[in-house]
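S.K.: For reference, this is structure-v3.cif, and it has mmCIF, C-alpha atoms, pLDDT in the B column; chains and numbers go by the auth columns.
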```
data_my_file
loop_
_atom_site.group_PDB
_atom_site.id
_atom_site.type_symbol
_atom_site.label_atom_id
_atom_site.label_comp_id
_atom_site.label_asym_id
_atom_site.label_seq_id
_atom_site.Cartn_x
_atom_site.Cartn_y
_atom_site.Cartn_z
_atom_site.B_iso_or_equiv
_atom_site.auth_seq_id
_atom_site.auth_asym_id
ATOM 1 C CA MET A 1 57.788 -31.816 -14.974 86.00 1 Q
ATOM 2 C CA LYS A 2 58.088 -28.271 -13.865 91.00 2 Q
ATOM 3 C CA VAL A 3 55.059 -26.235 -13.069 93.00 3 Q
ATOM 4 C CA HIS A 4 55.083 -22.483 -12.976 93.00 4 Q
ATOM 5 C CA VAL A 5 52.218 -20.827 -11.195 94.00 5 Q
ATOM 6 C CA LYS A 6 51.521 -17.739 -13.255 94.00 6 Q
ATOM 7 C CA ASN A 7 48.475 -16.547 -11.471 94.00 7 Q
ATOM 8 C CA TRP A 8 46.247 -17.527 -8.613 93.00 8 Q
ATOM 9 C CA HIS A 9 42.926 -16.368 -7.377 94.00 9 Q
ATOM 10 C CA ALA A 10 41.950 -16.894 -3.755 93.00 10 Q
ATOM 11 C CA ILE A 11 38.346 -17.205 -2.732 93.00 11 Q
ATOM 12 C CA ALA A 12 37.002 -17.098 0.809 90.00 12 Q
ATOM 13 C CA GLN A 13 33.532 -17.616 2.127 87.00 13 Q
ATOM 14 C CA TRP A 14 32.103 -16.787 5.506 88.00 14 Q
ATOM 15 C CA ARG A 15 28.913 -17.416 7.361 86.00 15 Q
ATOM 16 C CA TRP A 16 27.568 -16.766 10.809 88.00 16 Q
ATOM 17 C CA ASP A 17 27.786 -19.708 13.146 83.00 17 Q
ATOM 18 C CA THR A 18 24.113 -19.985 14.010 79.00 18 Q
ATOM 19 C CA GLY A 19 24.482 -23.496 15.336 72.00 19 Q
ATOM 20 C CA ALA A 20 22.132 -24.744 12.621 68.00 20 Q
ATOM 21 C CA SER A 21 23.219 -27.764 10.669 61.00 21 Q
ATOM 22 C CA ASP A 22 24.058 -27.149 7.029 57.00 22 Q
ATOM 23 C CA VAL A 23 22.142 -30.214 5.909 50.00 23 Q
ATOM 24 C CA ASP A 24 19.143 -28.404 4.490 54.00 24 Q
ATOM 25 C CA ASP A 25 21.290 -25.687 3.009 52.00 25 Q
ATOM 26 C CA ASP A 26 19.886 -24.555 -0.311 56.00 26 Q
ATOM 27 C CA GLY A 27 22.776 -22.242 -1.003 53.00 27 Q
ATOM 28 C CA GLU A 28 20.874 -19.231 0.224 57.00 28 Q
ATOM 29 C CA GLY A 29 21.177 -20.040 3.896 67.00 29 Q
ATOM 30 C CA ASP A 30 18.638 -19.085 6.515 88.00 30 Q
ATOM 31 C CA VAL A 31 16.927 -15.714 6.491 92.00 31 Q
ATOM 32 C CA CYS A 32 16.088 -13.258 9.231 95.00 32 Q
ATOM 33 C CA GLY A 33 12.384 -13.733 9.951 95.00 33 Q
ATOM 34 C CA ILE A 34 11.829 -10.001 10.236 96.00 34 Q
ATOM 35 C CA CYS A 35 13.389 -8.643 7.021 95.00 35 Q
ATOM 36 C CA ARG A 36 13.615 -11.978 5.124 94.00 36 Q
ATOM 37 C CA VAL A 37 17.185 -11.197 4.084 93.00 37 Q
ATOM 38 C CA PRO A 38 19.734 -14.011 4.589 92.00 38 Q
ATOM 39 C CA TYR A 39 21.668 -13.827 7.846 93.00 39 Q
ATOM 40 C CA GLU A 40 24.816 -13.313 5.796 92.00 40 Q
ATOM 41 C CA GLY A 41 23.209 -10.325 4.102 91.00 41 Q
ATOM 42 C CA CYS A 42 22.451 -7.219 6.089 91.00 42 Q
ATOM 43 C CA CYS A 43 19.355 -5.634 7.569 93.00 43 Q
ATOM 44 C CA PRO A 44 17.502 -3.076 5.416 90.00 44 Q
ATOM 45 C CA SER A 45 19.150 -0.164 7.214 89.00 45 Q
ATOM 46 C CA CYS A 46 22.699 -1.331 6.524 92.00 46 Q
ATOM 47 C CA LYS A 47 24.773 -1.377 3.365 91.00 47 Q
ATOM 48 C CA MET A 48 27.526 -3.816 4.306 90.00 48 Q
ATOM 49 C CA PRO A 49 27.057 -7.290 5.721 90.00 49 Q
ATOM 50 C CA GLY A 50 29.440 -8.614 8.337 88.00 50 Q
ATOM 51 C CA ASP A 51 30.510 -7.325 11.703 89.00 51 Q
ATOM 52 C CA ASP A 52 28.685 -4.026 11.211 92.00 52 Q
ATOM 53 C CA CYS A 53 25.357 -5.806 10.900 94.00 53 Q
ATOM 54 C CA PRO A 54 25.634 -8.751 13.282 93.00 54 Q
ATOM 55 C CA LEU A 55 23.127 -11.318 14.412 94.00 55 Q
ATOM 56 C CA ILE A 56 21.497 -11.526 17.806 94.00 56 Q
ATOM 57 C CA TRP A 57 20.610 -14.763 19.562 93.00 57 Q
ATOM 58 C CA GLY A 58 17.752 -15.200 22.006 94.00 58 Q
ATOM 59 C CA GLU A 59 17.634 -17.593 24.911 93.00 59 Q
ATOM 60 C CA CYS A 60 14.673 -19.061 23.061 92.00 60 Q
ATOM 61 C CA SER A 61 17.138 -20.047 20.306 90.00 61 Q
ATOM 62 C CA HIS A 62 15.700 -17.693 17.677 94.00 62 Q
ATOM 63 C CA VAL A 63 18.133 -15.636 15.632 94.00 63 Q
ATOM 64 C CA PHE A 64 17.644 -12.305 13.863 95.00 64 Q
ATOM 65 C CA HIS A 65 19.709 -9.476 12.447 95.00 65 Q
ATOM 66 C CA MET A 66 20.468 -7.488 15.576 95.00 66 Q
ATOM 67 C CA HIS A 67 19.196 -4.237 14.045 96.00 67 Q
ATOM 68 C CA CYS A 68 15.904 -5.829 12.976 96.00 68 Q
ATOM 69 C CA LEU A 69 15.279 -7.323 16.409 96.00 69 Q
ATOM 70 C CA LEU A 70 16.235 -4.153 18.283 96.00 70 Q
ATOM 71 C CA GLN A 71 13.919 -2.114 16.084 95.00 71 Q
ATOM 72 C CA TRP A 72 11.058 -4.463 16.947 96.00 72 Q
ATOM 73 C CA ILE A 73 11.882 -4.643 20.668 96.00 73 Q
ATOM 74 C CA SER A 74 11.993 -0.836 20.857 95.00 74 Q
ATOM 75 C CA THR A 75 8.313 -0.616 19.897 94.00 75 Q
ATOM 76 C CA SER A 76 5.672 -0.855 22.602 92.00 76 Q
ATOM 77 C CA ALA A 77 3.740 -3.242 20.350 92.00 77 Q
ATOM 78 C CA SER A 78 6.494 -5.830 20.780 94.00 78 Q
ATOM 79 C CA LYS A 79 5.871 -6.112 24.524 94.00 79 Q
ATOM 80 C CA GLN A 80 9.571 -7.098 24.499 95.00 80 Q
ATOM 81 C CA GLN A 81 8.646 -10.494 23.157 96.00 81 Q
ATOM 82 C CA CYS A 82 10.411 -12.702 20.633 97.00 82 Q
ATOM 83 C CA PRO A 83 8.599 -12.301 17.277 96.00 83 Q
ATOM 84 C CA MET A 84 8.658 -16.069 16.763 95.00 84 Q
ATOM 85 C CA ASP A 85 7.314 -17.455 20.014 94.00 85 Q
ATOM 86 C CA ARG A 86 6.153 -14.360 21.964 94.00 86 Q
ATOM 87 C CA ARG A 87 8.254 -15.343 24.950 95.00 87 Q
ATOM 88 C CA PRO A 88 9.998 -12.481 26.743 96.00 88 Q
ATOM 89 C CA TRP A 89 13.102 -11.677 24.696 96.00 89 Q
ATOM 90 C CA VAL A 90 16.329 -12.507 26.547 95.00 90 Q
ATOM 91 C CA THR A 91 19.520 -12.054 24.592 94.00 91 Q
ATOM 92 C CA ALA A 92 21.656 -15.156 24.898 91.00 92 Q
ATOM 93 C CA GLU A 93 25.311 -14.995 25.797 83.00 93 Q
ATOM 94 C CA ARG A 94 27.070 -16.709 22.962 73.00 94 Q
ATOM 95 C CA LYS A 95 29.354 -19.487 24.023 58.00 95 Q
ATOM 96 C CA VAL A 96 32.651 -19.148 22.236 52.00 96 Q
ATOM 97 C CA ASP A 97 33.398 -22.408 20.543 54.00 97 Q
ATOM 98 C CA ALA A 98 36.801 -23.668 21.697 47.00 98 Q
ATOM 99 C CA ASN A 99 37.617 -24.789 18.174 52.00 99 Q
ATOM 100 C CA ALA A 100 36.548 -21.522 16.598 50.00 100 Q
ATOM 101 C CA ALA A 101 38.744 -19.567 19.003 42.00 101 Q
ATOM 102 C CA ARG A 102 41.929 -21.211 17.804 38.00 102 Q
ATOM 103 C CA MET B 1 14.381 2.696 -0.125 77.00 1 U
ATOM 104 C CA ALA B 2 11.893 2.190 2.640 83.00 2 U
ATOM 105 C CA VAL B 3 12.301 -0.902 4.826 86.00 3 U
ATOM 106 C CA SER B 4 8.757 -1.887 3.892 93.00 4 U
ATOM 107 C CA THR B 5 9.534 -1.819 0.164 94.00 5 U
ATOM 108 C CA ARG B 6 12.392 -4.292 0.486 93.00 6 U
ATOM 109 C CA ARG B 7 10.382 -6.683 2.559 95.00 7 U
ATOM 110 C CA LEU B 8 7.323 -6.433 0.287 97.00 8 U
ATOM 111 C CA GLN B 9 9.499 -6.998 -2.792 96.00 9 U
ATOM 112 C CA LYS B 10 10.613 -10.250 -1.205 94.00 10 U
ATOM 113 C CA GLU B 11 7.061 -11.285 -0.386 96.00 11 U
ATOM 114 C CA LEU B 12 5.956 -10.455 -3.914 97.00 12 U
ATOM 115 C CA ALA B 13 8.793 -12.472 -5.445 96.00 13 U
ATOM 116 C CA GLU B 14 7.862 -15.405 -3.247 95.00 14 U
ATOM 117 C CA ILE B 15 4.215 -15.186 -4.320 96.00 15 U
ATOM 118 C CA LYS B 16 5.265 -15.067 -7.989 95.00 16 U
ATOM 119 C CA ASN B 17 7.694 -17.982 -7.623 95.00 17 U
ATOM 120 C CA GLN B 18 5.762 -20.258 -5.325 94.00 18 U
ATOM 121 C CA GLY B 19 2.188 -19.169 -5.867 95.00 19 U
ATOM 122 C CA THR B 20 -0.402 -18.594 -3.176 96.00 20 U
ATOM 123 C CA PRO B 21 -2.205 -21.109 -0.949 96.00 21 U
ATOM 124 C CA VAL B 22 -5.479 -22.540 -2.213 96.00 22 U
ATOM 125 C CA GLY B 23 -8.327 -20.010 -2.040 96.00 23 U
ATOM 126 C CA ILE B 24 -6.015 -17.004 -1.896 97.00 24 U
ATOM 127 C CA GLN B 25 -5.093 -14.948 -4.955 97.00 25 U
ATOM 128 C CA LEU B 26 -3.175 -11.768 -5.467 97.00 26 U
ATOM 129 C CA LEU B 27 -5.458 -9.292 -7.237 97.00 27 U
ATOM 130 C CA SER B 28 -3.220 -6.249 -7.292 96.00 28 U
ATOM 131 C CA ALA B 29 0.159 -5.192 -5.960 96.00 29 U
ATOM 132 C CA GLU B 30 0.998 -2.213 -8.123 95.00 30 U
ATOM 133 C CA ASN B 31 2.862 -0.401 -5.418 96.00 31 U
ATOM 134 C CA PHE B 32 4.194 -1.046 -1.945 96.00 32 U
ATOM 135 C CA GLN B 33 1.505 0.919 -0.124 96.00 33 U
ATOM 136 C CA GLU B 34 -1.591 -1.096 -0.937 97.00 34 U
ATOM 137 C CA TRP B 35 -2.284 -4.652 -2.094 98.00 35 U
ATOM 138 C CA HIS B 36 -5.513 -6.497 -2.757 98.00 36 U
ATOM 139 C CA LEU B 37 -6.028 -10.229 -2.414 98.00 37 U
ATOM 140 C CA SER B 38 -9.067 -12.386 -2.914 97.00 38 U
ATOM 141 C CA LEU B 39 -10.058 -14.828 -0.235 97.00 39 U
ATOM 142 C CA GLU B 40 -12.273 -17.829 -0.549 96.00 40 U
ATOM 143 C CA VAL B 41 -13.074 -20.491 2.020 94.00 41 U
ATOM 144 C CA LEU B 42 -12.992 -23.908 0.479 89.00 42 U
ATOM 145 C CA GLY B 43 -14.937 -26.899 1.583 88.00 43 U
ATOM 146 C CA ASP B 44 -18.160 -27.201 3.481 90.00 44 U
ATOM 147 C CA THR B 45 -18.498 -23.912 5.351 94.00 45 U
ATOM 148 C CA VAL B 46 -21.126 -21.233 5.808 96.00 46 U
ATOM 149 C CA PHE B 47 -19.206 -19.131 3.256 96.00 47 U
ATOM 150 C CA ALA B 48 -19.218 -21.769 0.492 93.00 48 U
ATOM 151 C CA GLY B 49 -19.232 -20.137 -2.940 93.00 49 U
ATOM 152 C CA GLU B 50 -18.451 -16.655 -1.615 96.00 50 U
ATOM 153 C CA VAL B 51 -15.340 -14.716 -2.558 97.00 51 U
ATOM 154 C CA PHE B 52 -14.071 -11.752 -0.564 97.00 52 U
ATOM 155 C CA CYS B 53 -11.451 -9.115 -1.201 98.00 53 U
ATOM 156 C CA LEU B 54 -8.872 -8.099 1.383 98.00 54 U
ATOM 157 C CA ARG B 55 -7.159 -4.735 1.303 97.00 55 U
ATOM 158 C CA PHE B 56 -3.705 -4.434 2.880 98.00 56 U
ATOM 159 C CA ARG B 57 -2.264 -0.985 3.523 97.00 57 U
ATOM 160 C CA PHE B 58 1.376 -0.726 4.535 97.00 58 U
ATOM 161 C CA ASP B 59 3.233 2.141 6.108 95.00 59 U
ATOM 162 C CA ASN B 60 6.967 2.418 5.567 93.00 60 U
ATOM 163 C CA GLN B 61 7.705 0.704 8.888 94.00 61 U
ATOM 164 C CA TYR B 62 6.124 -2.582 7.813 96.00 62 U
ATOM 165 C CA PRO B 63 6.747 -5.302 9.044 96.00 63 U
ATOM 166 C CA ILE B 64 7.745 -3.665 12.330 95.00 64 U
ATOM 167 C CA SER B 65 4.372 -1.948 12.233 95.00 65 U
ATOM 168 C CA SER B 66 1.358 -4.058 11.351 96.00 66 U
ATOM 169 C CA PRO B 67 -0.459 -3.636 8.036 97.00 67 U
ATOM 170 C CA ALA B 68 -3.980 -2.164 8.051 97.00 68 U
ATOM 171 C CA VAL B 69 -6.113 -5.061 6.837 97.00 69 U
ATOM 172 C CA GLN B 70 -9.814 -5.011 6.057 97.00 70 U
ATOM 173 C CA PHE B 71 -12.364 -6.550 3.752 97.00 71 U
ATOM 174 C CA VAL B 72 -13.260 -4.390 0.773 97.00 72 U
ATOM 175 C CA VAL B 73 -16.855 -3.189 0.765 96.00 73 U
ATOM 176 C CA ASP B 74 -17.927 -1.495 -2.479 96.00 74 U
ATOM 177 C CA ASP B 75 -20.157 -2.117 -5.525 95.00 75 U
ATOM 178 C CA LYS B 76 -18.334 -5.312 -6.321 96.00 76 U
ATOM 179 C CA TRP B 77 -17.277 -6.757 -2.962 97.00 77 U
ATOM 180 C CA LYS B 78 -18.883 -7.219 0.391 95.00 78 U
ATOM 181 C CA ALA B 79 -17.607 -8.260 3.774 97.00 79 U
ATOM 182 C CA PRO B 80 -18.363 -11.739 5.121 97.00 80 U
ATOM 183 C CA THR B 81 -21.101 -11.871 7.735 97.00 81 U
ATOM 184 C CA HIS B 82 -18.990 -12.996 10.652 96.00 82 U
ATOM 185 C CA PRO B 83 -19.022 -12.119 14.372 96.00 83 U
ATOM 186 C CA HIS B 84 -15.549 -10.581 14.021 95.00 84 U
ATOM 187 C CA VAL B 85 -16.133 -8.657 10.804 96.00 85 U
ATOM 188 C CA TYR B 86 -18.019 -5.375 10.790 96.00 86 U
ATOM 189 C CA THR B 87 -20.148 -4.473 7.784 96.00 87 U
ATOM 190 C CA ASN B 88 -17.647 -1.751 6.835 95.00 88 U
ATOM 191 C CA GLY B 89 -15.039 -4.484 6.389 96.00 89 U
ATOM 192 C CA HIS B 90 -13.107 -3.874 9.589 96.00 90 U
ATOM 193 C CA ILE B 91 -11.826 -7.058 11.211 96.00 91 U
ATOM 194 C CA CYS B 92 -11.395 -7.771 14.890 93.00 92 U
ATOM 195 C CA ALA B 93 -8.467 -10.189 14.934 94.00 93 U
ATOM 196 C CA SER B 94 -5.696 -10.079 17.495 93.00 94 U
ATOM 197 C CA ILE B 95 -2.876 -10.741 15.017 94.00 95 U
ATOM 198 C CA LEU B 96 -3.814 -7.499 13.239 95.00 96 U
ATOM 199 C CA GLY B 97 -3.642 -5.642 16.537 92.00 97 U
ATOM 200 C CA ASN B 98 -1.838 -6.378 19.756 89.00 98 U
ATOM 201 C CA GLU B 99 -0.575 -9.769 18.637 93.00 99 U
ATOM 202 C CA TRP B 100 1.031 -8.623 15.397 96.00 100 U
ATOM 203 C CA SER B 101 4.538 -9.969 14.913 97.00 101 U
ATOM 204 C CA PRO B 102 7.035 -8.839 12.266 97.00 102 U
ATOM 205 C CA VAL B 103 7.619 -12.448 11.237 97.00 103 U
ATOM 206 C CA LEU B 104 4.061 -12.559 9.890 97.00 104 U
ATOM 207 C CA SER B 105 3.447 -11.761 6.235 97.00 105 U
ATOM 208 C CA VAL B 106 0.649 -10.860 3.831 98.00 106 U
ATOM 209 C CA ILE B 107 0.104 -14.517 3.005 97.00 107 U
ATOM 210 C CA SER B 108 0.212 -15.689 6.622 97.00 108 U
ATOM 211 C CA VAL B 109 -2.394 -13.052 7.535 98.00 109 U
ATOM 212 C CA CYS B 110 -4.610 -14.244 4.659 98.00 110 U
ATOM 213 C CA VAL B 111 -4.287 -17.850 5.823 97.00 111 U
ATOM 214 C CA THR B 112 -5.228 -16.885 9.389 97.00 112 U
ATOM 215 C CA LEU B 113 -8.287 -14.952 8.200 97.00 113 U
ATOM 216 C CA GLN B 114 -9.231 -17.836 5.920 97.00 114 U
ATOM 217 C CA SER B 115 -9.251 -20.194 8.885 95.00 115 U
ATOM 218 C CA MET B 116 -11.130 -17.640 10.993 96.00 116 U
ATOM 219 C CA LEU B 117 -13.899 -17.736 8.365 96.00 117 U
ATOM 220 C CA ALA B 118 -13.674 -21.502 7.935 95.00 118 U
ATOM 221 C CA SER B 119 -14.301 -22.149 11.620 94.00 119 U
ATOM 222 C CA CYS B 120 -17.432 -19.974 11.685 94.00 120 U
ATOM 223 C CA LYS B 121 -20.582 -22.004 12.306 93.00 121 U
ATOM 224 C CA LYS B 122 -23.210 -19.299 12.062 93.00 122 U
ATOM 225 C CA LYS B 123 -23.335 -16.074 10.061 95.00 123 U
ATOM 226 C CA GLU B 124 -23.785 -13.326 12.598 95.00 124 U
ATOM 227 C CA LEU B 125 -22.816 -9.678 12.793 95.00 125 U
ATOM 228 C CA PRO B 126 -20.572 -8.524 15.597 94.00 126 U
ATOM 229 C CA PRO B 127 -22.454 -7.119 18.588 93.00 127 U
ATOM 230 C CA GLY B 128 -22.715 -3.330 18.284 92.00 128 U
ATOM 231 C CA ASN B 129 -22.030 -3.418 14.545 94.00 129 U
ATOM 232 C CA ASP B 130 -24.184 -0.418 13.657 93.00 130 U
ATOM 233 C CA ARG B 131 -22.737 1.752 16.386 93.00 131 U
ATOM 234 C CA TYR B 132 -19.173 0.772 15.444 92.00 132 U
ATOM 235 C CA VAL B 133 -19.679 1.373 11.732 93.00 133 U
ATOM 236 C CA ARG B 134 -21.207 4.818 12.399 92.00 134 U
ATOM 237 C CA HIS B 135 -18.181 5.996 14.352 90.00 135 U
ATOM 238 C CA ALA B 136 -15.368 3.855 12.899 91.00 136 U
ATOM 239 C CA PRO B 137 -12.170 5.553 11.749 91.00 137 U
ATOM 240 C CA ASP B 138 -11.132 5.032 8.134 89.00 138 U
ATOM 241 C CA ASN B 139 -8.089 3.078 9.253 91.00 139 U
ATOM 242 C CA PRO B 140 -9.007 0.019 11.322 91.00 140 U
ATOM 243 C CA LYS B 141 -5.621 0.231 13.072 89.00 141 U
ATOM 244 C CA LYS B 142 -6.983 3.255 14.921 87.00 142 U
ATOM 245 C CA THR B 143 -9.647 1.119 16.575 84.00 143 U
ATOM 246 C CA ARG B 144 -8.865 -0.451 19.938 78.00 144 U
ATOM 247 C CA PHE B 145 -10.498 -3.810 19.612 79.00 145 U
ATOM 248 C CA GLU B 146 -11.043 -6.056 22.564 74.00 146 U
ATOM 249 C CA TYR B 147 -10.185 -9.638 21.838 74.00 147 U
ATOM 250 C CA ASP B 148 -12.459 -11.521 24.156 67.00 148 U
ATOM 251 C CA ASP B 149 -13.582 -14.471 22.123 66.00 149 U
ATOM 252 C CA ASP B 150 -11.248 -17.301 21.230 62.00 150 U
ATOM 253 C CA THR B 151 -13.883 -19.669 19.983 58.00 151 U
ATOM 254 C CA VAL B 152 -14.345 -18.414 16.432 54.00 152 U
#
```
Kindly return the structure encoded in the file as structure tokens.

M.R.:
Amino acid sequence: MKVHVKNWHAIAQWRWDTGASDVDDDGEGDVCGICRVPYEGCCPSCKMPGDDCPLIWGECSHVFHMHCLLQWISTSASKQQCPMDRRPWVTAERKVDANAAR
Amino acid sequence: MAVSTRRLQKELAEIKNQGTPVGIQLLSAENFQEWHLSLEVLGDTVFAGEVFCLRFRFDNQYPISSPAVQFVVDDKWKAPTHPHVYTNGHICASILGNEWSPVLSVISVCVTLQSMLASCKKKELPPGNDRYVRHAPDNPKKTRFEYDDDTV
């Protein structure tokens, strides 16, 4: 039997590697606690998700859209604390996963 | 579109899809500047049978900036008699002031205030109520409250 491929349609999907397991994934993924938009969406000031609207990780393990978190941290009301646990916000250095770097 | 509008649209959709916690009802949310919710404390408390109305006012920086939240005091509604609630409806609660966090929401504020009322043992006015009410600004966010009592 001979098969001729007449047409093909490639689909790709991406998501931020937040370190969270995908077990409780409801399709929507996790949301940024500040704007309530999925991590894979973008903050309210941006139009395009992706590298232009990245995530930021705290040492406390909480994750936000970088723009949302920076907007909060820039206010005096924030006292430079994580919105989730009120610990002093320290941006975590992300460890590059050896597998992901291949 | 203002940042606040997008966030409030999401909160509103969540309220419509999942409903509100027991004792809390959305009375009006016709725009993204001001919402009203009713608040009732269930169970055996000093506020049994009473229903209150909360007014939320949002500026366009919400949730980075906290909402202005107070009990409605008019012909129909009155404020609960509580040591942290002035008779003009202004509320002294740290999460509405220096402990606001942008991960809080309209519903989470309502739940906190509901438990603040629920834990009240004795109906008392805040000390200095009359003096505060005489000089209070229209917007309770302009008041610098001191949060010195963690027991109620």

S.K.: Check the smallest atom-to-atom distance from each of Q:Met84, Q:Val90, Q:Cys60, Q:Cys53 to chain U using only C-alpha atoms, then report the winner.

M.R.: Q:Met84

S.K.: Considering all atoms listed in the file, return as a count of residues only whatever protein or nucleic-acid residues lie within 8 Å of Pro80 of chain U, sequence-local ones (same chain, fewer than 3 positions apart) excluded.

M.R.: 4

S.K.: Set out as CSV a contact list for chain U and chain Q with a cut-off of 7 Å, giving each residue of chain U that qualifies its closest atom pair and distance in Å to one decimal, counting all atoms listed in the file, ordered by chain and rising residue number.

M.R.:
```
residue,atom,partner,partner_atom,distance
U:Val3,CA,Q:Pro44,CA,5.7
U:Arg7,CA,Q:Cys35,CA,5.7
U:Ile64,CA,Q:Trp72,CA,5.7
U:Asn98,CA,Q:Ala77,CA,6.4
U:Ser101,CA,Q:Pro83,CA,5.2
U:Pro102,CA,Q:Ile34,CA,5.3
U:Val103,CA,Q:Ile34,CA,5.0
```

S.K.: Given the file shown, determine the residues that the PyMOL selection byres ((chain U and resi 118) around 12) selects; report them as a PDB file with C-alpha atoms, keeping the file's coordinate frame.

M.R.:
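In the end it all went to expr23.pdb:
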```pdb
ATOM      1  CA  GLY U  23      -8.327 -20.010  -2.040  1.00 96.00           C
ATOM      2  CA  LEU U  39     -10.058 -14.828  -0.235  1.00 97.00           C
ATOM      3  CA  GLU U  40     -12.273 -17.829  -0.549  1.00 96.00           C
ATOM      4  CA  VAL U  41     -13.074 -20.491   2.020  1.00 94.00           C
ATOM      5  CA  LEU U  42     -12.992 -23.908   0.479  1.00 89.00           C
ATOM      6  CA  GLY U  43     -14.937 -26.899   1.583  1.00 88.00           C
ATOM      7  CA  ASP U  44     -18.160 -27.201   3.481  1.00 90.00           C
ATOM      8  CA  THR U  45     -18.498 -23.912   5.351  1.00 94.00           C
ATOM      9  CA  VAL U  46     -21.126 -21.233   5.808  1.00 96.00           C
ATOM     10  CA  PHE U  47     -19.206 -19.131   3.256  1.00 96.00           C
ATOM     11  CA  ALA U  48     -19.218 -21.769   0.492  1.00 93.00           C
ATOM     12  CA  GLU U  50     -18.451 -16.655  -1.615  1.00 96.00           C
ATOM     13  CA  PRO U  80     -18.363 -11.739   5.121  1.00 97.00           C
ATOM     14  CA  HIS U  82     -18.990 -12.996  10.652  1.00 96.00           C
ATOM     15  CA  VAL U 111      -4.287 -17.850   5.823  1.00 97.00           C
ATOM     16  CA  THR U 112      -5.228 -16.885   9.389  1.00 97.00           C
ATOM     17  CA  LEU U 113      -8.287 -14.952   8.200  1.00 97.00           C
ATOM     18  CA  GLN U 114      -9.231 -17.836   5.920  1.00 97.00           C
ATOM     19  CA  SER U 115      -9.251 -20.194   8.885  1.00 95.00           C
ATOM     20  CA  MET U 116     -11.130 -17.640  10.993  1.00 96.00           C
ATOM     21  CA  LEU U 117     -13.899 -17.736   8.365  1.00 96.00           C
ATOM     22  CA  SER U 119     -14.301 -22.149  11.620  1.00 94.00           C
ATOM     23  CA  CYS U 120     -17.432 -19.974  11.685  1.00 94.00           C
ATOM     24  CA  LYS U 121     -20.582 -22.004  12.306  1.00 93.00           C
ATOM     25  CA  LYS U 122     -23.210 -19.299  12.062  1.00 93.00           C
ATOM     26  CA  LYS U 123     -23.335 -16.074  10.061  1.00 95.00           C
ATOM     27  CA  VAL U 152     -14.345 -18.414  16.432  1.00 54.00           C
TER      28      VAL U 152
END
```

S.K.: Residues within 10 Å of Ala92 of chain Q, please, as a PyMOL selection string. Count only C-alpha atoms; anything in the same chain fewer than 2 positions from it doesn't count.

M.R.: chain Q and resi 56-63+89-90+94-95

S.K.: I'd like to see the residues matched by the PyMOL selection byres ((chain U and resi 109) around 12) on this file, and ideally I'd get them as an MDAnalysis selection string.

M.R.: chainID U and resid 21 24 37 39 54:56 66:70 91 93:97 99:108 110:116

S.K.: Grab the atom CA of Pro49 of chain Q to atom CA of Arg6 of chain U distance for me, in Å with one decimal place.

M.R.: 15.9 Å

S.K.: For a quick check of your reading of the model, name the residues lying within 9 Å of the coordinate (23.3, -11.1, 5.6), counting all atoms listed in the file, and write them as a ChimeraX atom specification.

M.R.: /Q:15-16,31-32,37-43,48-50,53-55,65
